[in-house]
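Here's the structure we're looking at; comments come further down.
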Amino acid sequence: MQAKLNNKEIIVKDNKDVLDINQIKADFPILNQPINNHRLVYLDNAATTQKPKSVIDAQNEFYLTINANIHRGLHTLAEKATNAYEKTREHVAQFIGGVKTEEIIFTNGTTEAINMVAYTWGEKNINEGDEIVITEMEHHANLVPWVMLAKKKKALLKRIPVTPSGYLDLSNIDKIITSKTKLLAVTHMSNVLGTINPIAELAQLAHDKGAIILGDGAQAVPHLPVDVKELGVDFYAFSAHKMLGPTGVGVLYGKKELLETMPPFNMGGEMIDTVTFDNITWAELPHKFEAGTPNIAGVVAFDETLHYLEKIGMENIRQHEITLLDYALKQLTQIDGLEIQGPLEVTNRGGAISFTDPKIHPHDISTFLDSRGIAIRAGHHCAQPLMKILQKVATARASLYIYNDRNDIDALVEALKKMRKYFGV
Amino acid sequence: MSDPLDDMYREVILDHYRSPRGKKPIKKKDIESEGKNPSCGDEIEMELDMDNGKVKDVHVNCHGCAISVASGSMLAEYIKGKSLDEVKKISEVVKKMLKGEVDNLPEDLGDLDALKGVRNFPVRIKCALLAWMTLIEGVKNYEKGKNHPKASISTEDKEKE
């Protein structure tokens, strides 16, 4: 059995852009500049996205008019700052499907969110002989914490394989997820292959065996409508900077009943209730997990980020990317020698397109494209085990977002067509 | 208008990349060294056949980008027939040149001069350095006089740079 997907009625539109891309492009001042004497074509969105002016303004506005520390001060600015910060939390809770506000923990990114679960829930609940299940397509952020935890606890780390066409191979899933499984940690969308994994189905499989599931949503939340309750995940992590928001802001969603049983992660200010030299009681959720002064301005600007995305609509964003992806894959697969890694069915994947040329190293591809103003990523994409499985030392990766259009794809395709001639291979 | 990219991918570099020198395996391996550049995934293996204090033959096997392959190929071409002292001297000079610590190579180094263009592309300097660092480490090990120890470097090892 191959992974089935729960996408509903997605239509590939052939001749019309879903979004008004020129209007969107105008919201991103950074895109309006030449790079190496060419128009900037930004196709490195799986690494980080650009920020609309309204988000940059929101962050500036915070520093210009309401900067203060949150939760502790009793003065007017402290109250304004606290309100703005907490307003984002409510917004995030709504954005991912209407969960409880205290189930949203702010972190500095997806990596910290996953580590938080590994060091608190994992530390408490994983014992010798237990099993942790991951997949072969995990980013190091959802891999290294579990490798280390398994080592420390003498637990067994098992993995769901990847098929040659880039899907999770669920044919032996009954042998992989067993009654010994305590945790399934899986990416919602692969940062290398673009594959969208059947999280809801996997959540059901995990829960049937009494295990919990953590979803790495770093690549999914920016590009798909995500409802964590519909997915049935127990934990879910993502980053603001990959969805037009500021760097240094991440989110851990956790079910309240799980978060309540977990010990804190960082120790310090803000996360306590009462402190004596002998005894400490923890603050209520979510503050128990937010020690110290967070990235307040970033979190406040993240509220505007969510407004911006909602104004366009996540369904429209997904539709736009599918249409553009279809356009891109049709042309890229025609280029002599170019190999696409990952699924070719656009409805089963997101806009991260990894490709290789057997004769040209990805770093040379990247340098060549950069000289034409085109920004892509080349390397192992923090997924070294997956690279080994793909039998590649590295890949080149172009990744799409809302401000990309057919002109950007045309620029990429045109440059790639000239590349082999340039290198004379 | 000339392509700014040509500064790095000079014709001589592309020529070495398309047909690397030193590809033929050798039997007598007095110096053995391997190197990797984890950020790109470039990997290189290098063996030297030493005779009477001179490099009699050299084998370089590099899997990587155009710059790393070309740099390894130029190395193979240049050091053949050179004394160990000359090899040591040139590898230090090339290393310093790539890192921008010296401006120019002495004039008589032929193809190696083409590596200068890489300096305008800071993220690619490690690619060019890989072969030379691997050689330096191999020679170091050889001079310690151990019995055929295989040297190993990574461009991420700060202490070995």
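Letters for chains follow the order of the structure tokens (A, B, ...), residue numbers begin at 1 for each chain, and ligand numbers begin at 1 in the order shown.
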Residue list (helix (DSSP H, G or I), DSSP) for chain B, as a PyMOL selection string: chain B and resi 4-7+11-18+66-79+84-98+110-120+122-144+158-160
Write out, as a Markdown table, each residue of chain A that has an atom at most 8 Å from chain B, together with the closest pair of atoms and their distance in Å to one decimal, counting only C-alpha atoms, rows going by chain and rising number.
```
| residue | atom | partner | partner_atom | distance |
| --- | --- | --- | --- | --- |
| A:Ile360 | CA | B:Cys65 | CA | 7.1 |
| A:His361 | CA | B:Cys65 | CA | 4.8 |
| A:Pro362 | CA | B:Cys65 | CA | 7.5 |
| A:His363 | CA | B:Cys65 | CA | 6.4 |
| A:Asp364 | CA | B:Cys65 | CA | 6.1 |
| A:Phe368 | CA | B:Leu5 | CA | 7.3 |
| A:Ser371 | CA | B:Leu5 | CA | 6.4 |
| A:Gly379 | CA | B:Cys40 | CA | 5.7 |
| A:His380 | CA | B:Cys40 | CA | 7.7 |
| A:Val393 | CA | B:Gly41 | CA | 5.2 |
| A:Ala394 | CA | B:Gly41 | CA | 6.5 |
| A:Phe423 | CA | B:Leu14 | CA | 6.7 |
| A:Gly424 | CA | B:Leu14 | CA | 7.8 |
| A:Val425 | CA | B:Arg18 | CA | 7.1 |
```
Those selected residues, please, written with N, CA and C atoms and delivered as an mmCIF file, in the first residue's frame.
```cif
data_model
loop_
_atom_site.group_PDB
_atom_site.id
_atom_site.type_symbol
_atom_site.label_atom_id
_atom_site.label_comp_id
_atom_site.auth_asym_id
_atom_site.auth_seq_id
_atom_site.Cartn_x
_atom_site.Cartn_y
_atom_site.Cartn_z
ATOM 1 N N ILE A 360 26.519 17.673 -13.774
ATOM 2 C CA ILE A 360 26.850 18.960 -13.143
ATOM 3 C C ILE A 360 26.475 18.925 -11.668
ATOM 4 N N HIS A 361 27.448 19.214 -10.823
ATOM 5 C CA HIS A 361 27.229 19.197 -9.380
ATOM 6 C C HIS A 361 26.221 20.290 -8.977
ATOM 7 N N PRO A 362 25.362 19.997 -7.982
ATOM 8 C CA PRO A 362 24.371 20.986 -7.550
ATOM 9 C C PRO A 362 24.955 22.350 -7.184
ATOM 10 N N HIS A 363 26.177 22.371 -6.647
ATOM 11 C CA HIS A 363 26.758 23.667 -6.298
ATOM 12 C C HIS A 363 27.117 24.482 -7.544
ATOM 13 N N ASP A 364 27.515 23.773 -8.576
ATOM 14 C CA ASP A 364 27.764 24.474 -9.841
ATOM 15 C C ASP A 364 26.445 24.953 -10.446
ATOM 16 N N PHE A 368 25.715 28.838 -11.096
ATOM 17 C CA PHE A 368 25.329 29.240 -12.446
ATOM 18 C C PHE A 368 24.006 30.010 -12.421
ATOM 19 N N SER A 371 24.203 33.508 -10.994
ATOM 20 C CA SER A 371 24.760 34.511 -11.913
ATOM 21 C C SER A 371 23.678 35.033 -12.858
ATOM 22 N N GLY A 379 22.597 21.409 -1.931
ATOM 23 C CA GLY A 379 23.234 20.770 -0.785
ATOM 24 C C GLY A 379 22.459 19.547 -0.366
ATOM 25 N N HIS A 380 22.637 19.164 0.910
ATOM 26 C CA HIS A 380 21.928 17.963 1.394
ATOM 27 C C HIS A 380 20.634 18.329 2.108
ATOM 28 N N VAL A 393 24.903 12.947 -3.464
ATOM 29 C CA VAL A 393 25.622 13.669 -2.414
ATOM 30 C C VAL A 393 24.878 14.950 -2.071
ATOM 31 N N ALA A 394 24.142 15.434 -3.038
ATOM 32 C CA ALA A 394 23.410 16.685 -2.850
ATOM 33 C C ALA A 394 22.399 16.810 -3.978
ATOM 34 N N PHE A 423 28.863 24.705 -19.311
ATOM 35 C CA PHE A 423 29.903 23.860 -18.711
ATOM 36 C C PHE A 423 30.549 22.926 -19.740
ATOM 37 N N GLY A 424 29.956 22.881 -20.921
ATOM 38 C CA GLY A 424 30.525 22.067 -21.980
ATOM 39 C C GLY A 424 30.491 20.580 -21.684
ATOM 40 N N VAL A 425 29.414 20.142 -21.045
ATOM 41 C CA VAL A 425 29.323 18.704 -20.747
ATOM 42 C C VAL A 425 28.168 18.082 -21.532
#
```
Would you return as number ranges by chain the members of segment 14-151 of chain B that DSSP assigns to strand (DSSP E or B) on this structure's backbone? B: 31-37, 42-51, 54-63, 83, 150-151
All residues 6 Å or closer to Leu193 of chain A, only C-alpha atoms, same chain fewer than 2 positions away omitted, as a list in words: Ser190, Thr195, Gln341 and Gly342 of chain A
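For segment 166-171 of chain A, the residues within 10 Å (counting only C-alpha atoms, excluding itself and residues fewer than 5 positions away along the chain) are Met1, Gln2, Ala3, Lys4, Thr135, Glu136, Met137, Ile160, Pro161, Ile176, Ser190, Val192, Leu193, Gly194, Thr195, Ile196, Asn197, Pro198, Leu202, Gln341, Gly342, Pro343, Leu344, Asn348, Arg349 and Leu390 of chain A.
Interatomic distance, atom CA of Ile280 of chain A to atom CA of His71 of chain A: 18.9 Å.
Reported to one decimal place, the separation of atom CA of Ile114 of chain A from atom CA of Tyr63 of chain A is 29.4 Å.
Closest approach to Lys95 of chain B among B:Ala76, B:Lys126, B:Asn120, B:Ala114: B:Lys126, based on only C-alpha atoms.
Atom pair atom CA of Glu260 of chain A / atom CA of Leu285 of chain A: separated by 7.2 Å.
With distances restricted to only C-alpha atoms, A:Asp174 is the closest residue to Val133 of chain A from A:Asp174, A:Glu345, A:Glu102, A:Glu79.
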Applying 12 Å and only C-alpha atoms, which residues near Glu131 of chain A remain after dropping the ones on its own chain fewer than 2 positions away? List them as a ChimeraX atom specification. /A:122,125-129,133-134,146-147,149-151,153-159,175-185,206,209-212
May I have the residues from that selection written out with N, CA and C atoms, as a tab-separated table (two decimals), in the first residue's frame?
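For reference, again.tsv as written:
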```tsv
chain	number	residue	atom	x	y	z
A	122	GLY	N	9.67	13.32	25.91
A	122	GLY	CA	10.51	12.16	25.60
A	122	GLY	C	11.28	11.69	26.82
A	125	ASN	N	8.77	9.97	29.13
A	125	ASN	CA	7.94	8.84	28.68
A	125	ASN	C	8.65	7.74	27.92
A	126	ILE	N	9.85	8.00	27.42
A	126	ILE	CA	10.56	6.97	26.66
A	126	ILE	C	11.46	6.18	27.61
A	127	ASN	N	11.30	4.86	27.58
A	127	ASN	CA	12.11	4.01	28.45
A	127	ASN	C	12.84	2.95	27.62
A	128	GLU	N	13.73	2.23	28.29
A	128	GLU	CA	14.49	1.18	27.62
A	128	GLU	C	13.53	0.19	26.94
A	129	GLY	N	13.83	-0.12	25.69
A	129	GLY	CA	13.02	-1.10	24.96
A	129	GLY	C	11.83	-0.50	24.23
A	133	VAL	N	9.35	5.86	16.15
A	133	VAL	CA	9.30	5.66	14.71
A	133	VAL	C	9.43	7.01	14.00
A	134	ILE	N	10.36	7.07	13.06
A	134	ILE	CA	10.50	8.26	12.21
A	134	ILE	C	10.40	7.80	10.75
A	146	TRP	N	15.65	12.65	18.05
A	146	TRP	CA	15.13	11.29	18.33
A	146	TRP	C	16.25	10.27	18.33
A	147	VAL	N	17.26	10.45	17.48
A	147	VAL	CA	18.43	9.56	17.50
A	147	VAL	C	19.08	9.66	18.88
A	149	LEU	N	17.78	10.81	21.75
A	149	LEU	CA	16.91	10.32	22.82
A	149	LEU	C	16.92	8.78	22.86
A	150	ALA	N	16.83	8.17	21.68
A	150	ALA	CA	16.82	6.70	21.62
A	150	ALA	C	18.12	6.14	22.19
A	151	LYS	N	19.23	6.77	21.85
A	151	LYS	CA	20.53	6.33	22.37
A	151	LYS	C	20.56	6.41	23.88
A	153	LYS	N	18.15	6.58	26.04
A	153	LYS	CA	17.18	5.75	26.76
A	153	LYS	C	17.26	4.28	26.39
A	154	LYS	N	18.19	3.94	25.52
A	154	LYS	CA	18.26	2.57	24.99
A	154	LYS	C	16.93	2.15	24.38
A	155	ALA	N	16.31	3.08	23.71
A	155	ALA	CA	15.08	2.80	22.97
A	155	ALA	C	15.48	2.45	21.54
A	156	LEU	N	14.53	1.87	20.80
A	156	LEU	CA	14.81	1.47	19.43
A	156	LEU	C	14.24	2.51	18.47
A	157	LEU	N	15.08	2.99	17.56
A	157	LEU	CA	14.61	3.95	16.55
A	157	LEU	C	14.30	3.19	15.26
A	158	LYS	N	13.04	3.23	14.85
A	158	LYS	CA	12.65	2.53	13.62
A	158	LYS	C	12.25	3.56	12.57
A	159	ARG	N	12.31	3.16	11.30
A	159	ARG	CA	11.97	4.15	10.29
A	159	ARG	C	11.06	3.59	9.20
A	175	LYS	N	4.49	-3.81	10.97
A	175	LYS	CA	5.71	-4.29	11.63
A	175	LYS	C	6.53	-3.11	12.17
A	176	ILE	N	6.26	-1.94	11.65
A	176	ILE	CA	7.06	-0.77	12.07
A	176	ILE	C	6.40	-0.09	13.28
A	177	ILE	N	5.11	0.19	13.16
A	177	ILE	CA	4.39	0.75	14.31
A	177	ILE	C	3.77	-0.42	15.07
A	178	THR	N	4.26	-0.67	16.29
A	178	THR	CA	3.81	-1.84	17.06
A	178	THR	C	3.32	-1.39	18.43
A	179	SER	N	2.96	-2.35	19.25
A	179	SER	CA	2.51	-2.00	20.61
A	179	SER	C	3.65	-1.43	21.44
A	180	LYS	N	4.88	-1.60	20.97
A	180	LYS	CA	6.03	-1.02	21.70
A	180	LYS	C	6.27	0.44	21.31
A	181	THR	N	5.64	0.87	20.22
A	181	THR	CA	5.85	2.24	19.74
A	181	THR	C	5.25	3.23	20.72
A	182	LYS	N	6.08	4.22	21.09
A	182	LYS	CA	5.59	5.28	21.97
A	182	LYS	C	5.35	6.57	21.20
A	183	LEU	N	6.13	6.75	20.14
A	183	LEU	CA	6.05	8.01	19.41
A	183	LEU	C	6.31	7.79	17.93
A	184	LEU	N	5.50	8.46	17.12
A	184	LEU	CA	5.75	8.53	15.68
A	184	LEU	C	6.04	10.00	15.38
A	185	ALA	N	7.22	10.27	14.83
A	185	ALA	CA	7.59	11.66	14.49
A	185	ALA	C	7.78	11.74	12.99
A	206	ALA	N	-0.91	5.26	14.63
A	206	ALA	CA	-0.16	5.43	15.89
A	206	ALA	C	-1.10	5.28	17.08
A	209	LYS	N	-2.18	1.91	18.24
A	209	LYS	CA	-1.18	1.14	19.01
A	209	LYS	C	-0.84	1.82	20.33
A	210	GLY	N	-1.57	2.86	20.64
A	210	GLY	CA	-1.33	3.55	21.91
A	210	GLY	C	-0.17	4.52	21.87
A	211	ALA	N	0.32	4.84	20.67
A	211	ALA	CA	1.44	5.78	20.55
A	211	ALA	C	0.90	7.18	20.28
A	212	ILE	N	1.77	8.17	20.43
A	212	ILE	CA	1.38	9.53	20.05
A	212	ILE	C	2.14	9.91	18.77
```
Might you pull out every residue within 7 Å of segment 302-311 of chain A, with only C-alpha atoms counted and same-chain residues fewer than 4 positions away left off, and present them as JSON, numbers by chain? {"A": [55, 58, 88, 91, 240, 244, 245, 246, 298]}
